[in-house]
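Engineer: Questions regarding the structure given below will be posed in turn.
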Amino acid sequence: MKFYRRKHLKLIFYICMALLFFLGVISITLGSANISFKETLCVILSKIPVVKSVVPTACISQNHELIILQIRLPRMIASALVGIGLSVVGASFQAIFKNPMADPYVLGVSSGAALGAAIGFMLQLDTLALGSMVITMMAFIGSIATTTLVYNIARVKNRISPTTLLLAGVSVSFLLSSIISIIMVFNRQQVEKIVFWTMGSVSAVTYNQIFTLIPFIFIGTAIILLFSRDLNIMLTGDDTAKSLGVEVENVKKVILAVSSIIVAACVSISGVIGFVGLIVPHAVRMVFGPDHRVLLPFSLIIGAVFMIICDTASRTVAGSAEIPVGAVTALFGSPYFIYLLIKSKKRGI
Amino acid sequence: MSNSNLFAVKVKNLNYSFEKKNVLHDINIDFKENKFYSIIGPNGSGKTTLLKNIAKTLKPCKNTVFVGDNDILDFKNKVLARKLAVVPQNSNLDMDFSVQDIVLMGRAPYFSKLQSESESDYAIAKQAMEVTNTWKFHDKFINQLSGGEKQRVIIARALTQDTDIILLDEPISQLDIHHQIEILDTIKSLSNKITVIVVLHDLNFAAQYSDHIILVNNGRVVVQGNPSEVLTEENIKNVYKINVCMIKNPVTGKPYIIPVGQE
């Protein structure tokens with residue numbers, strides 16, 4: 001007998017990447033303007049430096065090109081990026097808190113980021129030079145403060161009770177959401193703004209915002225990936241992790257800080273979108289197991305897929321009206337959360 | 001000339017308090033290299049606390065616990081994990097990791113962040129699994145194993161750390177007699193090359209396997225020495241509040257304890 005290794009993981013990963021790309025293209029073809037798959041593909045490929053010389057441009061209508069490049073493409077990219085960020089953060093929260101129900105939304109971290117960003121917009125900090133960076137920083141202050149607060153409420157002498165953690169998260173989240181609503185009303189904002197911050201949307205995303213988001217998502221994810229083995233070992237308990245050489249407290253601090261930055265970057269362009277970080281890592285774990293070296297890369301891809309599907313649904317299923325994407329993700333996520341609660345109740349946790 | 005490198009671990013004037021209550025008082029023990037040490041004592045006597053101080057799972061005071069010549073507090077976790085392995089009393093292993101994944105975690109102290117396992121790491125892990133008789137289920141999930149099997153997997157992981165010192169906290173308390181002896185024999189065979197420090201409940205096993213026994217009560221070392229020095233009717237009566245009849249084990253010649261009733 002030899003050591004078995006999970007086979008074909010790389011191949012499956014590349015297939016998932018290809019699927020993600022095609023899903024992205026399909027998502028762009030859907031909508032009130034009738035655009036074909038081929039045309040969409042042509043428009044996208046004609047913008048890629050090397051490939052563009054061989055792409056036929058005759059079939060592209062200018063109107064459609066505008067819709068694709070200025071409306072649907074940024075929106076698709078933004079939802080993919082937000083999906084990546086929230087899923088990776090969800091997976092790492094679940095490892096750090098050893099709680100399968102931890103997720104940036106449930107723990108109130110997203111609401112903290114939203115409050116920070118909303119205050120930033122209220123003070124019109126977005127009109128400054130590097131405005132979107134400033135908003136992200138405000139969101140980061142909100143998310144890291146909330147993470148620290150919830151963590152300390154739930155902690156009893158270095159132990160975190162799973163139930164207390166969830167209760168603390170949910171109640172802090174309620175508090176912060178209501179503060180956001182109050183701020184909005186006092187600043188004579190429209191109800192849409194409140195809905196944006198509390199239910200999430202990527203409908204008005206600009207390329208500028210996307211370029212701000214990209215480094216946070218990719219550098220943050222890369223840092224978390226570096227800690228994959230440590231996260232695996234920490235699942236077996238903090239004491240064991242220490243005796244296996246992991247600097248447990250430092251790892252926790254780094255992961256929580258990086259996660260808070262990623263959440264902040266996502267929330268400041270999309271508002272609060274719930275349950276993505278809960279549902280995606282869970283689904284991936286069921287198929288590929290708990291090893292973070294596998295779990296994190298696949299969560300990232302599936303997170304992007306999930307968010308693209310939810311956002312496409314949010315702008316297409318109700319005709320010309322738009323459903324907040326957070327409502328769509330919650331439609332999938334809440335029942336799943338309840339299912340997990342029932343399951344953990346059976347196990348007597 | 002001090003010959004301090006003969007000591008694998010040295011505990012010097014160790015006090016430990018938890019929530020303003022002193023749990024350990026003035027503990028002094030020299031653990032010599034390549035011997036089998038047992039720490040025995042009643043429930044709540046401080047055995048596990050002592051072991052956790054040596055493992056640095058609890059933080060001892062400065063200059064009280066030494067590994068080799070160095071204060072244990074001066075080690076990074078990663079460096080210490082190459083010198084000293086721990087088999088804890090309870091491991092939370094209700095998860096879908098395979099047995100080999102768990103055992104290979106023992107190589108973690110030797111990796112940098114981007115490194116992955118090489119053939120030699122697999123070879124060390126495989127050898128550890130063969131020694132502990134766990135290789136036959138290396139591709140099973142850890143949560144499918146029985147308590148005794150899990151315990152052996154954790155010992156395999158500790159061996160995979162390739163350390164000179166191994167600490168075990170009640171490694172046999174949940175096992176049947178067959179597996180108890182299997183594990184103690186395995187550990188005993190290791191003590192040719194490794195310093196073994198075990199917390200044990202069973203006095204007869206301690207007598208049979210140990211080179212040196214440390215009897216702890218109320219956070220103090222009552223007596224330490226070889227089994228026949230420590231395991232006397234009087235010491236046991238003092239610490240455990242029971243009357244015993246001591247005989248000589250006819251096979252091993254070690255002391256054998258027969259409890260006859262409460263004091």
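Labeling convention for the structure tokens: chains A, B, ... as they appear, residues from 1 per chain, ligands from 1 in order of appearance.
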If DSSP is run on the backbone, what residues of region 147-329 of chain A are helix (DSSP H, G or I)? A reply as a PyMOL selection string would be ideal.
Structural biologist: chain A and resi 147-154+162-186+191-199+207-226+228-235+238-243+248-270+276-288+292-316+325-329
Engineer: Please produce an output containing C-alpha atoms for each residue in the selection, written as a short mmCIF file (atom, residue, chain, number, x, y, z; two decimals), in the first residue's frame.
Structural biologist:
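See again-v3.cif below for the written result:
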data_model
loop_
_atom_site.label_atom_id
_atom_site.label_comp_id
_atom_site.auth_asym_id
_atom_site.auth_seq_id
_atom_site.Cartn_x
_atom_site.Cartn_y
_atom_site.Cartn_z
CA THR A 147 -14.64 41.53 14.83
CA THR A 148 -12.83 42.50 18.02
CA LEU A 149 -16.06 43.36 19.80
CA VAL A 150 -17.90 40.15 18.89
CA TYR A 151 -14.82 38.03 19.61
CA ASN A 152 -14.47 39.53 23.07
CA ILE A 153 -18.15 39.27 23.90
CA ALA A 154 -18.13 35.58 23.00
CA PRO A 162 -20.32 28.56 19.51
CA THR A 163 -23.78 29.70 20.60
CA THR A 164 -22.59 32.86 22.31
CA LEU A 165 -20.52 33.73 19.27
CA LEU A 166 -23.55 33.54 16.98
CA LEU A 167 -25.80 35.42 19.38
CA ALA A 168 -23.20 38.14 19.87
CA GLY A 169 -22.73 38.42 16.12
CA VAL A 170 -26.41 38.57 15.29
CA SER A 171 -27.23 41.13 17.98
CA VAL A 172 -24.29 43.39 17.11
CA SER A 173 -25.32 43.08 13.48
CA PHE A 174 -28.87 44.25 14.27
CA LEU A 175 -27.55 47.19 16.24
CA LEU A 176 -25.21 48.29 13.45
CA SER A 177 -27.85 47.89 10.71
CA SER A 178 -30.27 50.06 12.61
CA ILE A 179 -27.60 52.70 13.14
CA ILE A 180 -27.02 52.67 9.37
CA SER A 181 -30.76 53.18 8.73
CA ILE A 182 -30.95 56.03 11.24
CA ILE A 183 -27.92 57.77 9.74
CA MET A 184 -29.44 57.46 6.29
CA VAL A 185 -32.80 58.88 7.33
CA PHE A 186 -31.24 61.81 9.18
CA VAL A 191 -34.79 54.38 1.02
CA GLU A 192 -32.86 52.80 -1.85
CA LYS A 193 -29.60 53.78 -0.15
CA ILE A 194 -30.63 51.98 3.03
CA VAL A 195 -31.64 48.94 1.03
CA PHE A 196 -28.30 49.09 -0.76
CA TRP A 197 -26.32 49.01 2.48
CA THR A 198 -28.41 46.43 4.29
CA MET A 199 -29.32 44.09 1.42
CA TYR A 207 -14.41 50.07 -13.11
CA ASN A 208 -12.70 52.37 -10.67
CA GLN A 209 -14.26 50.55 -7.76
CA ILE A 210 -13.29 47.22 -9.29
CA PHE A 211 -9.67 48.29 -9.60
CA THR A 212 -9.71 49.33 -5.95
CA LEU A 213 -11.20 45.99 -4.95
CA ILE A 214 -8.83 43.71 -6.90
CA PRO A 215 -5.62 44.13 -4.87
CA PHE A 216 -7.46 43.69 -1.56
CA ILE A 217 -9.11 40.48 -2.73
CA PHE A 218 -6.06 38.92 -4.34
CA ILE A 219 -3.37 39.91 -1.86
CA GLY A 220 -5.67 39.12 1.06
CA THR A 221 -6.60 35.73 -0.34
CA ALA A 222 -2.95 34.94 -1.06
CA ILE A 223 -2.01 35.69 2.56
CA ILE A 224 -4.79 33.49 3.90
CA LEU A 225 -3.76 30.70 1.52
CA LEU A 226 -0.26 30.81 3.02
CA SER A 228 -3.68 26.82 4.98
CA ARG A 229 -1.62 24.23 6.84
CA ASP A 230 -1.79 26.19 10.10
CA LEU A 231 -5.58 26.44 9.77
CA ASN A 232 -5.78 22.66 9.24
CA ILE A 233 -3.79 22.03 12.39
CA MET A 234 -5.79 24.57 14.40
CA LEU A 235 -8.96 22.60 13.61
CA ASP A 238 -5.43 25.29 19.91
CA ASP A 239 -3.30 23.37 22.42
CA THR A 240 -2.47 20.68 19.90
CA ALA A 241 -1.70 23.32 17.31
CA LYS A 242 0.73 24.97 19.71
CA SER A 243 2.54 21.72 20.36
CA VAL A 248 -1.79 30.13 17.39
CA GLU A 249 -2.48 33.62 18.72
CA ASN A 250 -0.45 35.30 15.99
CA VAL A 251 -2.12 33.29 13.25
CA LYS A 252 -5.52 34.26 14.61
CA LYS A 253 -4.61 37.94 14.65
CA VAL A 254 -3.25 37.90 11.11
CA ILE A 255 -6.19 35.95 9.69
CA LEU A 256 -8.79 38.10 11.47
CA ALA A 257 -7.10 41.33 10.33
CA VAL A 258 -6.73 40.21 6.72
CA SER A 259 -10.30 38.88 6.69
CA SER A 260 -11.58 42.18 8.02
CA ILE A 261 -9.77 44.03 5.23
CA ILE A 262 -11.25 41.75 2.58
CA VAL A 263 -14.77 42.16 4.01
CA ALA A 264 -14.27 45.92 4.17
CA ALA A 265 -13.21 46.08 0.53
CA CYS A 266 -16.16 43.94 -0.58
CA VAL A 267 -18.77 45.73 1.50
CA SER A 268 -17.69 49.21 0.50
CA ILE A 269 -18.64 48.49 -3.10
CA SER A 270 -21.48 46.00 -2.70
CA VAL A 276 -22.16 33.64 0.82
CA GLY A 277 -19.33 32.97 3.25
CA LEU A 278 -21.46 30.38 5.01
CA ILE A 279 -22.93 28.38 2.19
CA VAL A 280 -19.98 28.22 -0.24
CA PRO A 281 -17.22 26.83 2.03
CA HIS A 282 -19.74 24.35 3.39
CA ALA A 283 -20.69 23.00 0.02
CA VAL A 284 -17.03 22.76 -0.96
CA ARG A 285 -16.14 21.02 2.30
CA MET A 286 -18.81 18.40 1.69
CA VAL A 287 -17.26 17.50 -1.65
CA PHE A 288 -13.54 18.05 -1.09
CA HIS A 292 -7.70 24.22 3.60
CA ARG A 293 -5.11 23.72 0.87
CA VAL A 294 -8.00 22.40 -1.21
CA LEU A 295 -10.94 24.06 0.51
CA LEU A 296 -9.75 27.65 0.04
CA PRO A 297 -8.97 27.52 -3.72
CA PHE A 298 -12.25 25.78 -4.49
CA SER A 299 -14.26 28.08 -2.20
CA LEU A 300 -12.82 30.98 -4.13
CA ILE A 301 -14.01 29.64 -7.51
CA ILE A 302 -17.38 28.40 -6.26
CA GLY A 303 -17.90 31.67 -4.39
CA ALA A 304 -17.49 33.58 -7.65
CA VAL A 305 -19.84 31.15 -9.44
CA PHE A 306 -22.46 31.43 -6.68
CA MET A 307 -22.41 35.24 -6.64
CA ILE A 308 -22.60 35.52 -10.43
CA ILE A 309 -25.64 33.23 -10.44
CA CYS A 310 -27.32 35.16 -7.61
CA ASP A 311 -26.65 38.55 -9.17
CA THR A 312 -27.83 37.43 -12.59
CA ALA A 313 -31.01 36.13 -10.97
CA SER A 314 -31.45 39.37 -9.04
CA ARG A 315 -31.49 41.47 -12.23
CA THR A 316 -33.39 39.10 -14.53
CA VAL A 325 -28.80 40.44 -4.43
CA GLY A 326 -28.57 40.01 -0.66
CA ALA A 327 -32.19 38.89 -0.70
CA VAL A 328 -31.32 36.21 -3.27
CA THR A 329 -28.32 34.93 -1.32
#
Engineer: Per DSSP on the backbone, what are the strand (DSSP E) residues of region 90-207 of chain B, as a list in words?
Structural biologist: Ile165, Ile166, Leu167, Leu168, Asp169, Thr195, Val196, Ile197, Val198 and Val199 of chain B
Engineer: Using only C-alpha atoms, which of B:Leu58, B:Ile236, B:Ala81, B:Ile72 sits nearest chain A?
Structural biologist: B:Ala81
Engineer: Kindly assemble as a Markdown table a list of the chain B residues that lie within 6 Å of chain A, each paired with its nearest atom pair and their distance in Å to one decimal, using only C-alpha atoms, sorted first by chain and then by ascending residue number.
Structural biologist:
| residue | atom | partner | partner_atom | distance |
| --- | --- | --- | --- | --- |
| B:Thr57 | CA | A:Asp239 | CA | 5.9 |
| B:Asn77 | CA | A:Gly245 | CA | 4.3 |
| B:Lys78 | CA | A:Gly245 | CA | 3.6 |
| B:Ala81 | CA | A:Gly245 | CA | 5.1 |
| B:Asn92 | CA | A:Thr236 | CA | 5.5 |
| B:Pro109 | CA | A:Gly245 | CA | 5.3 |
| B:Lys113 | CA | A:Leu226 | CA | 5.9 |
Engineer: Ser61 (chain A): which residues within 12 Å, counting only C-alpha atoms, same-chain residues fewer than 2 positions away excluded, as a ChimeraX atom specification?
Structural biologist: /A:33-36,39-40,42-43,57-59,63-68
Engineer: May I have the residues from that selection written out with C-alpha atoms, as a compact mmCIF listing (two decimals), in the first residue's frame?
Structural biologist:
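Wrote it out as result-v6.txt, contents follow:
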# COMPACT_ATOMS: atom_id res chain seq x y z
CA ALA A 33 -31.42 43.61 -24.26
CA ASN A 34 -31.18 40.49 -26.39
CA ILE A 35 -27.49 39.76 -26.95
CA SER A 36 -26.15 36.47 -28.30
CA GLU A 39 -21.50 38.43 -29.75
CA THR A 40 -20.69 38.64 -26.04
CA CYS A 42 -16.50 38.52 -29.43
CA VAL A 43 -16.79 41.74 -27.46
CA THR A 57 -15.59 42.32 -35.00
CA ALA A 58 -18.20 42.48 -37.77
CA CYS A 59 -20.92 40.87 -35.69
CA ASN A 63 -25.10 49.53 -28.70
CA HIS A 64 -24.57 46.03 -27.46
CA GLU A 65 -20.87 46.64 -26.95
CA LEU A 66 -21.76 49.56 -24.69
CA ILE A 67 -24.23 47.51 -22.67
CA ILE A 68 -21.77 44.68 -22.32
Engineer: Pick out the residues sitting within 9 Å of Arg75 (chain A), and hand them over as a list of chain:residue names; count only C-alpha atoms, and ignore anything fewer than 2 positions along from it in its own chain.
Structural biologist: A:Gln70, A:Ile71, A:Arg72, A:Leu73, A:Ile77, A:Ala78, A:Ser79, A:Ala80, A:Val202, A:Ser203, A:Ala204, A:Val205, A:Thr206, A:Ile308, A:Asp311
Engineer: Measuring atom to atom with only C-alpha atoms, identify which of B:Glu149, B:Asp164, B:Glu33, B:Glu233 is nearest to Val260 (chain B).
Structural biologist: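 Using only C-alpha atoms, the shortest distance to Val260 (chain B) belongs to B:Glu233.
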Engineer: As an exercise, work out the distance from CA of Ala128 (chain B) to CA of Ala156 (chain B) in Å and give it to one decimal place.
Structural biologist: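 CA of Ala156 (chain B) lies 5.0 Å from CA of Ala128 (chain B).
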Engineer: List as a ChimeraX atom specification the protein and nucleic acid residues near Gly219 (chain B), meaning an atom at most 8 Å away when only C-alpha atoms are counted, but skip any in the same chain fewer than 4 places from it.
Structural biologist: /B:22-25,45-47
Engineer: Keeping C-alpha atoms for every residue in the selection just given, could you write it to a file as a short mmCIF file (atom, residue, chain, number, x, y, z; two decimals), in the first residue's frame?
Structural biologist:
data_model
loop_
_atom_site.label_atom_id
_atom_site.label_comp_id
_atom_site.auth_asym_id
_atom_site.auth_seq_id
_atom_site.Cartn_x
_atom_site.Cartn_y
_atom_site.Cartn_z
CA ASN B 22 -1.54 27.71 43.63
CA VAL B 23 -1.78 24.48 41.68
CA LEU B 24 1.89 23.53 41.69
CA HIS B 25 4.32 24.19 44.53
CA SER B 45 -3.20 16.45 42.23
CA GLY B 46 -1.67 18.58 39.47
CA LYS B 47 -0.26 15.84 37.20
#
Engineer: Name the residues in contact with Phe205 (chain B) at a cut-off of 10 Å, using only C-alpha atoms, excluding same-chain residues fewer than 6 positions from it; report them as a list in words.
Structural biologist: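 The contact residues come out as Ser38, Gln180, Ile181, Leu184 and Tyr256 of chain B.
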Engineer: Can you tell me how far CA of Lys254 (chain B) sits from CA of Lys32 (chain B), in Å to one decimal?
Structural biologist: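 Taking CA of Lys254 (chain B) as the start and CA of Lys32 (chain B) as the end point, the length is 21.1 Å.
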